[in-house]
file input-v1.pdb (PDB, C-alpha atoms)
MODEL        1
ATOM      1  CA  MET O   1       4.075  17.054 -13.518
ATOM      2  CA  ILE O   2       1.487  16.241 -10.896
ATOM      3  CA  GLN O   3       2.059  14.712  -7.469
ATOM      4  CA  ILE O   4       0.056  11.822  -6.090
ATOM      5  CA  ASP O   5       0.552  10.830  -2.465
ATOM      6  CA  ILE O   6      -1.064   7.511  -1.595
ATOM      7  CA  PHE O   7      -1.666   6.708   2.050
ATOM      8  CA  SER O   8      -1.709   2.930   2.197
ATOM      9  CA  ASP O   9      -0.938  -0.134   4.257
ATOM     10  CA  THR O  10       0.764  -3.202   2.851
ATOM     11  CA  ILE O  11      -1.889  -5.539   4.287
ATOM     12  CA  CYS O  12      -4.870  -3.567   2.983
ATOM     13  CA  PRO O  13      -6.582  -5.418   0.121
ATOM     14  CA  TRP O  14      -8.417  -2.267  -0.944
ATOM     15  CA  CYS O  15      -5.031  -0.598  -1.378
ATOM     16  CA  LEU O  16      -4.026  -3.178  -3.967
ATOM     17  CA  ILE O  17      -7.369  -2.682  -5.706
ATOM     18  CA  GLY O  18      -6.813   1.083  -5.569
ATOM     19  CA  LYS O  19      -3.336   0.687  -7.053
ATOM     20  CA  ARG O  20      -4.701  -1.306  -9.991
ATOM     21  CA  ARG O  21      -7.420   1.271 -10.585
ATOM     22  CA  LEU O  22      -4.955   4.146 -10.498
ATOM     23  CA  GLU O  23      -2.809   2.296 -13.011
ATOM     24  CA  ALA O  24      -5.874   1.907 -15.245
ATOM     25  CA  ALA O  25      -6.630   5.615 -14.914
ATOM     26  CA  LEU O  26      -3.050   6.599 -15.739
ATOM     27  CA  ALA O  27      -3.171   4.338 -18.794
ATOM     28  CA  GLU O  28      -6.025   6.508 -20.069
ATOM     29  CA  ARG O  29      -3.782   9.576 -19.806
ATOM     30  CA  PRO O  30      -0.512   8.353 -21.366
ATOM     31  CA  GLY O  31       0.897  11.848 -21.761
ATOM     32  CA  LEU O  32       0.472  12.761 -18.116
ATOM     33  CA  GLN O  33       3.561  12.799 -15.893
ATOM     34  CA  ALA O  34       2.931  11.838 -12.295
ATOM     35  CA  ALA O  35       5.265  11.603  -9.324
ATOM     36  CA  ILE O  36       3.766   8.911  -7.100
ATOM     37  CA  HIS O  37       4.761   8.583  -3.454
ATOM     38  CA  TRP O  38       3.477   5.950  -1.048
ATOM     39  CA  ARG O  39       2.732   7.237   2.443
ATOM     40  CA  VAL O  40       2.465   5.328   5.699
ATOM     41  CA  PHE O  41      -0.746   4.220   7.345
ATOM     42  CA  GLN O  42      -1.028   1.244   9.675
ATOM     43  CA  LEU O  43      -4.341  -0.553   9.930
ATOM     44  CA  ASN O  44      -3.109  -2.170  13.145
ATOM     45  CA  PRO O  45      -0.694   0.268  14.817
ATOM     46  CA  MET O  46      -0.726  -1.762  18.036
ATOM     47  CA  MET O  47       0.154  -5.040  16.326
ATOM     48  CA  PRO O  48       2.964  -6.908  18.150
ATOM     49  CA  LYS O  49       6.296  -6.675  16.350
ATOM     50  CA  GLY O  50       6.190 -10.353  15.440
ATOM     51  CA  GLY O  51       2.667 -10.143  14.085
ATOM     52  CA  MET O  52      -0.224 -12.405  15.010
ATOM     53  CA  GLU O  53      -1.424 -15.860  14.061
ATOM     54  CA  ARG O  54      -4.042 -15.375  11.362
ATOM     55  CA  GLN O  55      -6.985 -17.127  12.992
ATOM     56  CA  SER O  56      -6.470 -15.178  16.211
ATOM     57  CA  TYR O  57      -6.384 -11.985  14.197
ATOM     58  CA  LEU O  58      -9.588 -12.837  12.336
ATOM     59  CA  ALA O  59     -11.332 -13.576  15.631
ATOM     60  CA  MET O  60     -10.240 -10.220  17.014
ATOM     61  CA  LYS O  61     -10.902  -8.199  13.863
ATOM     62  CA  PHE O  62     -14.056  -9.785  12.469
ATOM     63  CA  GLY O  63     -15.408 -11.997  15.222
ATOM     64  CA  GLY O  64     -14.199 -15.209  13.600
ATOM     65  CA  PRO O  65     -13.403 -16.878  10.281
ATOM     66  CA  LYS O  66     -17.020 -17.021   9.086
ATOM     67  CA  ASN O  67     -17.474 -13.273   9.300
ATOM     68  CA  ALA O  68     -14.042 -12.784   7.766
ATOM     69  CA  ALA O  69     -14.996 -15.057   4.862
ATOM     70  CA  ASN O  70     -18.043 -12.892   4.174
ATOM     71  CA  VAL O  71     -15.893  -9.757   4.140
ATOM     72  CA  TYR O  72     -13.293 -11.338   1.888
ATOM     73  CA  ASP O  73     -15.934 -12.647  -0.505
ATOM     74  CA  ARG O  74     -17.110  -9.075  -0.997
ATOM     75  CA  ILE O  75     -13.547  -7.920  -1.603
ATOM     76  CA  ARG O  76     -12.971 -10.708  -4.138
ATOM     77  CA  SER O  77     -16.139  -9.716  -5.981
ATOM     78  CA  ALA O  78     -15.089  -6.067  -6.021
ATOM     79  CA  ALA O  79     -11.651  -7.022  -7.353
ATOM     80  CA  MET O  80     -12.864  -9.201 -10.213
ATOM     81  CA  PRO O  81     -12.865  -6.373 -12.796
ATOM     82  CA  ASP O  82      -9.308  -5.560 -11.697
ATOM     83  CA  ASN O  83      -8.103  -9.140 -12.309
ATOM     84  CA  ILE O  84      -6.821  -9.651  -8.777
ATOM     85  CA  ASP O  85      -6.988 -13.201  -7.471
ATOM     86  CA  PHE O  86      -6.708 -12.760  -3.718
ATOM     87  CA  ALA O  87      -5.431 -15.821  -1.845
ATOM     88  CA  PHE O  88      -6.710 -14.874   1.602
ATOM     89  CA  GLU O  89      -6.883 -18.525   2.641
ATOM     90  CA  ASP O  90      -3.114 -18.870   2.185
ATOM     91  CA  ILE O  91      -2.283 -16.166   4.711
ATOM     92  CA  VAL O  92      -1.172 -17.781   7.961
ATOM     93  CA  ARG O  93       0.097 -14.720   9.803
ATOM     94  CA  THR O  94      -0.956 -11.073   9.957
ATOM     95  CA  PRO O  95       2.229  -9.024  10.234
ATOM     96  CA  ASN O  96       3.249  -5.827  11.882
ATOM     97  CA  THR O  97       3.789  -3.600   8.833
ATOM     98  CA  VAL O  98       6.420  -1.166  10.120
ATOM     99  CA  ASP O  99       9.303  -3.006   8.452
ATOM    100  CA  SER O 100       7.469  -3.266   5.139
ATOM    101  CA  HIS O 101       6.883   0.498   5.226
ATOM    102  CA  ARG O 102      10.547   1.038   6.102
ATOM    103  CA  LEU O 103      11.531  -1.054   3.102
ATOM    104  CA  ILE O 104       9.291   0.994   0.803
ATOM    105  CA  ARG O 105      10.807   4.226   2.074
ATOM    106  CA  TRP O 106      14.339   2.842   1.639
ATOM    107  CA  ALA O 107      13.472   1.675  -1.883
ATOM    108  CA  ALA O 108      12.134   5.144  -2.708
ATOM    109  CA  GLY O 109      15.661   6.462  -2.291
ATOM    110  CA  GLN O 110      16.718   4.084  -5.075
ATOM    111  CA  ASP O 111      13.799   4.814  -7.400
ATOM    112  CA  ARG O 112      12.075   1.497  -6.678
ATOM    113  CA  GLU O 113       9.200   2.686  -4.535
ATOM    114  CA  SER O 114       6.120   1.607  -6.489
ATOM    115  CA  GLU O 115       7.842  -1.580  -7.621
ATOM    116  CA  THR O 116       8.495  -2.528  -3.990
ATOM    117  CA  VAL O 117       4.893  -1.806  -3.029
ATOM    118  CA  GLU O 118       3.765  -4.124  -5.826
ATOM    119  CA  ALA O 119       6.199  -6.859  -4.760
ATOM    120  CA  LEU O 120       4.900  -6.720  -1.181
ATOM    121  CA  PHE O 121       1.263  -6.789  -2.282
ATOM    122  CA  GLN O 122       1.937  -9.830  -4.452
ATOM    123  CA  ALA O 123       3.845 -11.620  -1.706
ATOM    124  CA  TYR O 124       1.082 -11.101   0.847
ATOM    125  CA  PHE O 125      -2.151 -11.223  -1.114
ATOM    126  CA  LEU O 126      -1.298 -13.588  -3.964
ATOM    127  CA  ARG O 127       1.084 -15.985  -2.187
ATOM    128  CA  GLY O 128       0.137 -15.623   1.478
ATOM    129  CA  GLU O 129       3.691 -14.810   2.599
ATOM    130  CA  ASP O 130       4.502 -13.132   5.916
ATOM    131  CA  ILE O 131       5.695  -9.667   4.856
ATOM    132  CA  GLY O 132       6.778  -8.990   8.411
ATOM    133  CA  ALA O 133       9.486 -11.658   8.084
ATOM    134  CA  LEU O 134      13.025 -10.572   7.232
ATOM    135  CA  GLU O 135      13.585 -13.192   4.527
ATOM    136  CA  VAL O 136      10.353 -12.298   2.740
ATOM    137  CA  LEU O 137      11.204  -8.601   2.802
ATOM    138  CA  VAL O 138      14.706  -9.217   1.495
ATOM    139  CA  ALA O 139      13.311 -11.388  -1.299
ATOM    140  CA  ALA O 140      10.861  -8.626  -2.239
ATOM    141  CA  ALA O 141      13.712  -6.130  -2.403
ATOM    142  CA  GLU O 142      15.802  -8.438  -4.559
ATOM    143  CA  SER O 143      12.860  -9.087  -6.909
ATOM    144  CA  VAL O 144      12.767  -5.409  -7.874
ATOM    145  CA  GLY O 145      16.488  -5.143  -8.468
ATOM    146  CA  LEU O 146      17.671  -3.942  -5.066
ATOM    147  CA  ASP O 147      20.789  -5.388  -3.477
ATOM    148  CA  PRO O 148      19.647  -8.119  -1.050
ATOM    149  CA  ALA O 149      22.645  -7.732   1.263
ATOM    150  CA  GLU O 150      22.056  -3.997   1.539
ATOM    151  CA  ALA O 151      18.345  -4.577   2.092
ATOM    152  CA  ARG O 152      19.076  -7.070   4.856
ATOM    153  CA  ALA O 153      21.507  -4.732   6.590
ATOM    154  CA  PHE O 154      18.999  -1.905   6.392
ATOM    155  CA  LEU O 155      16.145  -4.004   7.754
ATOM    156  CA  GLU O 156      18.283  -5.347  10.592
ATOM    157  CA  SER O 157      18.961  -1.756  11.664
ATOM    158  CA  GLU O 158      16.408   0.672  13.068
ATOM    159  CA  ALA O 159      16.866   3.164  10.223
ATOM    160  CA  LEU O 160      13.695   5.065   9.267
ATOM    161  CA  ASP O 161      11.703   3.400  12.043
ATOM    162  CA  ALA O 162      10.916   6.683  13.780
ATOM    163  CA  GLU O 163      10.095   8.365  10.479
ATOM    164  CA  VAL O 164       7.620   5.633   9.539
ATOM    165  CA  ARG O 165       5.852   5.783  12.880
ATOM    166  CA  ASP O 166       5.752   9.590  12.755
ATOM    167  CA  GLU O 167       4.192   9.536   9.306
ATOM    168  CA  ASP O 168       1.510   7.109  10.494
ATOM    169  CA  ARG O 169       0.657   9.478  13.347
ATOM    170  CA  HIS O 170       0.700  12.427  10.944
ATOM    171  CA  ALA O 171      -1.785  10.701   8.643
ATOM    172  CA  ARG O 172      -4.181  10.268  11.554
ATOM    173  CA  SER O 173      -3.709  13.910  12.547
ATOM    174  CA  LEU O 174      -4.848  14.846   9.039
ATOM    175  CA  GLY O 175      -8.087  12.970   9.662
ATOM    176  CA  ILE O 176      -7.216   9.933   7.568
ATOM    177  CA  ASP O 177      -8.844   6.921   9.204
ATOM    178  CA  GLY O 178      -8.893   4.457   6.325
ATOM    179  CA  VAL O 179      -6.943   3.608   3.206
ATOM    180  CA  PRO O 180      -6.273   3.944   0.393
ATOM    181  CA  CYS O 181      -6.404   7.707   0.401
ATOM    182  CA  PHE O 182      -5.106   9.512  -2.672
ATOM    183  CA  VAL O 183      -3.945  13.120  -2.350
ATOM    184  CA  PHE O 184      -3.431  15.032  -5.595
ATOM    185  CA  ASN O 185      -0.986  17.949  -5.659
ATOM    186  CA  GLY O 186      -1.190  18.138  -1.877
ATOM    187  CA  ARG O 187      -4.683  19.623  -2.155
ATOM    188  CA  HIS O 188      -7.390  17.179  -3.170
ATOM    189  CA  ALA O 189      -7.996  13.980  -1.220
ATOM    190  CA  LEU O 190      -9.909  11.022  -2.581
ATOM    191  CA  ALA O 191     -10.669   8.223  -0.147
ATOM    192  CA  GLY O 192     -11.186   4.604  -1.069
ATOM    193  CA  ALA O 193     -10.519   2.404  -4.092
ATOM    194  CA  GLN O 194     -12.507   4.551  -6.476
ATOM    195  CA  PRO O 195     -13.370   3.474 -10.052
ATOM    196  CA  PRO O 196     -10.824   4.434 -12.719
ATOM    197  CA  LYS O 197     -13.212   6.987 -14.235
ATOM    198  CA  VAL O 198     -13.284   8.908 -10.938
ATOM    199  CA  LEU O 199      -9.497   8.783 -10.713
ATOM    200  CA  VAL O 200      -9.247  10.048 -14.302
ATOM    201  CA  GLN O 201     -11.327  13.068 -13.316
ATOM    202  CA  MET O 202      -8.947  13.797 -10.458
ATOM    203  CA  LEU O 203      -5.930  13.359 -12.725
ATOM    204  CA  ASP O 204      -7.401  15.872 -15.160
ATOM    205  CA  LEU O 205      -8.095  18.356 -12.366
ATOM    206  CA  ALA O 206      -4.582  17.971 -10.987
ATOM    207  CA  GLN O 207      -3.063  18.418 -14.438
ATOM    208  CA  GLN O 208      -5.108  21.558 -15.074
ATOM    209  CA  GLU O 209      -3.941  23.023 -11.774
ATOM    210  CA  ALA O 210      -0.318  22.135 -12.501
ATOM    211  CA  ALA O 211      -0.558  23.804 -15.908
ATOM    212  CA  VAL O 212      -1.962  27.012 -14.388
ATOM    213  CA  ALA O 213       0.801  27.037 -11.770
ATOM    214  CA  VAL O 214       3.566  27.191 -14.393
ATOM    215  CA  GLU O 215       1.928  29.850 -16.585
TER
ENDMDL
END
call {"tool": "encode", "arguments": {"input": "input-v1.pdb", "output": "structure tokens"}}
result
Amino acid sequence: MIQIDIFSDTICPWCLIGKRRLEAALAERPGLQAAIHWRVFQLNPMMPKGGMERQSYLAMKFGGPKNAANVYDRIRSAAMPDNIDFAFEDIVRTPNTVDSHRLIRWAAGQDRESETVEALFQAYFLRGEDIGALEVLVAAAESVGLDPAEARAFLESEALDAEVRDEDRHARSLGIDGVPCFVFNGRHALAGAQPPKVLVQMLDLAQQEAAVAVE
């Protein structure tokens, strides 16, 4: 068994690309057992709790929609081999991602961690939904088999809020300044949405180390 910790943000398009590429790499090693955990990183840690209107965000982040379009065109091109059809133009609000990270952590306790990450990526990047909104988060939880009433009650509380913010700060203290960042067996870090062949090499290294550890 190897461990893969993935530092990610739910509004990072490269993180969705990285997830698809990791899945492709794991498919090339069907006998490998991996425990995957999603770790917190916020691209916009100072984002207001209610998020920000998308055009205002693009002006602040990229200098305006034209520059943003150029950036997103490059991301779309990079994602073509991964069969991801980003719908950036459908996004009307850039959210604060604390609650989405809280939901992922809560789902992890019910063995629905990666499924919840996928549901949030699809909601935001493929349908343009506001994943900072309570109803969208509850719907994502329900879509992966979690109890919607329990999800709502959890999200309406402040449970795990401090833990999520602490983990974001911890990631920065480790020197992580961009995502995705994959950490294998707590030892080897790989930054960025690397090609599957590179991820396969890291999987093999991690598996070799795990095998030596149990000898």
call {"tool": "residues_near_point", "arguments": {"input": "input-v1.pdb", "point": "(11.3, -13.3, -3.9)", "cutoff": "12 Å", "atoms": "only C-alpha atoms", "output": "VMD selection string"}}
result
chain O and resid 116 119 to 120 122 to 124 127 129 to 131 134 to 146 148
call {"tool": "resolve_selection", "arguments": {"input": "input-v1.pdb", "expression": "the PyMOL selection byres ((chain O and resi 183-194) around 8)", "output": "count of residues only"}}
result
23
call {"tool": "resolve_selection", "arguments": {"input": "input-v1.pdb", "expression": "the PyMOL selection byres ((chain O and resi 166) around 12)", "output": "PyMOL selection string"}}
result
chain O and resi 39-42+45+98+101-102+160-165+167-173
call {"tool": "write_last_selection", "arguments": {"input": "input-v1.pdb", "atoms": "C-alpha atoms", "output": "PDB file, keeping the file's coordinate frame"}}
result
ATOM      1  CA  ARG O  39       2.732   7.237   2.443  1.00  0.00           C
ATOM      2  CA  VAL O  40       2.465   5.328   5.699  1.00  0.00           C
ATOM      3  CA  PHE O  41      -0.746   4.220   7.345  1.00  0.00           C
ATOM      4  CA  GLN O  42      -1.028   1.244   9.675  1.00  0.00           C
ATOM      5  CA  PRO O  45      -0.694   0.268  14.817  1.00  0.00           C
ATOM      6  CA  VAL O  98       6.420  -1.166  10.120  1.00  0.00           C
ATOM      7  CA  HIS O 101       6.883   0.498   5.226  1.00  0.00           C
ATOM      8  CA  ARG O 102      10.547   1.038   6.102  1.00  0.00           C
ATOM      9  CA  LEU O 160      13.695   5.065   9.267  1.00  0.00           C
ATOM     10  CA  ASP O 161      11.703   3.400  12.043  1.00  0.00           C
ATOM     11  CA  ALA O 162      10.916   6.683  13.780  1.00  0.00           C
ATOM     12  CA  GLU O 163      10.095   8.365  10.479  1.00  0.00           C
ATOM     13  CA  VAL O 164       7.620   5.633   9.539  1.00  0.00           C
ATOM     14  CA  ARG O 165       5.852   5.783  12.880  1.00  0.00           C
ATOM     15  CA  GLU O 167       4.192   9.536   9.306  1.00  0.00           C
ATOM     16  CA  ASP O 168       1.510   7.109  10.494  1.00  0.00           C
ATOM     17  CA  ARG O 169       0.657   9.478  13.347  1.00  0.00           C
ATOM     18  CA  HIS O 170       0.700  12.427  10.944  1.00  0.00           C
ATOM     19  CA  ALA O 171      -1.785  10.701   8.643  1.00  0.00           C
ATOM     20  CA  ARG O 172      -4.181  10.268  11.554  1.00  0.00           C
ATOM     21  CA  SER O 173      -3.709  13.910  12.547  1.00  0.00           C
TER      22      SER O 173
END
call {"tool": "atom_distance", "arguments": {"input": "input-v1.pdb", "atom1": "atom CA of O:Val117", "atom2": "atom CA of O:Ile104"}}
result
6.5 Å
call {"tool": "residues_around", "arguments": {"input": "input-v1.pdb", "residues": "O:Pro95", "least_positions_apart": "3", "cutoff": "10 Å", "atoms": "all atoms listed in the file", "output": "list in words"}}
result
Thr10, Ile11, Asn44, Met47, Pro48, Lys49, Gly50, Gly51, Met52, Glu53, Arg54, Tyr57, Val92, Val98, Asp99, Ser100, Tyr124, Glu129, Asp130, Ile131, Gly132 and Ala133 of chain O
call {"tool": "atom_distance", "arguments": {"input": "input-v1.pdb", "atom1": "atom CA of O:Ala151", "atom2": "atom CA of O:Leu103"}}
result
7.7 Å
call {"tool": "closest_residue", "arguments": {"input": "input-v1.pdb", "among": "O:Ala87, O:Met60, O:Leu26, O:Ala210", "to": "O:Tyr72", "atoms": "all atoms listed in the file"}}
result
O:Ala87
call {"tool": "atom_distance", "arguments": {"input": "input-v1.pdb", "atom1": "atom CA of O:Arg29", "atom2": "atom CA of O:Ser114"}}
result
18.4 Å
call {"tool": "resolve_selection", "arguments": {"input": "input-v1.pdb", "expression": "the PyMOL selection byres ((chain O and resi 31) around 12)", "output": "VMD selection string"}}
result
chain O and resid 1 to 2 25 to 30 32 to 34 203 to 204 207
call {"tool": "write_last_selection", "arguments": {"input": "input-v1.pdb", "atoms": "C-alpha atoms", "output": "short mmCIF file (atom, residue, chain, number, x, y, z; two decimals), in the coordinates of the input"}}
result
data_model
loop_
_atom_site.label_atom_id
_atom_site.label_comp_id
_atom_site.auth_asym_id
_atom_site.auth_seq_id
_atom_site.Cartn_x
_atom_site.Cartn_y
_atom_site.Cartn_z
CA MET O 1 4.08 17.05 -13.52
CA ILE O 2 1.49 16.24 -10.90
CA ALA O 25 -6.63 5.62 -14.91
CA LEU O 26 -3.05 6.60 -15.74
CA ALA O 27 -3.17 4.34 -18.79
CA GLU O 28 -6.02 6.51 -20.07
CA ARG O 29 -3.78 9.58 -19.81
CA PRO O 30 -0.51 8.35 -21.37
CA LEU O 32 0.47 12.76 -18.12
CA GLN O 33 3.56 12.80 -15.89
CA ALA O 34 2.93 11.84 -12.30
CA LEU O 203 -5.93 13.36 -12.72
CA ASP O 204 -7.40 15.87 -15.16
CA GLN O 207 -3.06 18.42 -14.44
#
call {"tool": "closest_residue", "arguments": {"input": "input-v1.pdb", "among": "O:Ile84, O:Leu174, O:Ala153, O:Val212", "to": "O:Leu16", "atoms": "all atoms listed in the file"}}
result
O:Ile84
call {"tool": "axis_aligned_box", "arguments": {"input": "input-v1.pdb", "around": "stretch 27-41 of chain O", "padding_each_side": "3 Å", "output": "AutoDock Vina command-line options"}}
result
--center_x -0.4 --center_y 8.5 --center_z -7.2 --size_x 17.3 --size_y 14.6 --size_z 35.1
call {"tool": "closest_residue", "arguments": {"input": "input-v1.pdb", "among": "O:Phe7, O:Met46, O:Gly175, O:Asp147", "to": "O:Trp106", "atoms": "all atoms listed in the file"}}
result
O:Asp147
call {"tool": "closest_residue", "arguments": {"input": "input-v1.pdb", "among": "O:Ile36, O:Leu43, O:Ala24, O:Ala159", "to": "O:Ser8", "atoms": "only C-alpha atoms"}}
result
O:Leu43
call {"tool": "closest_residue", "arguments": {"input": "input-v1.pdb", "among": "O:Ala35, O:Asp177, O:Phe125, O:Arg112", "to": "O:Arg76", "atoms": "only C-alpha atoms"}}
result
O:Phe125
call {"tool": "closest_residue", "arguments": {"input": "input-v1.pdb", "among": "O:Gln55, O:Glu113, O:Pro13, O:Gln208", "to": "O:Ile75", "atoms": "all atoms listed in the file"}}
result
O:Pro13
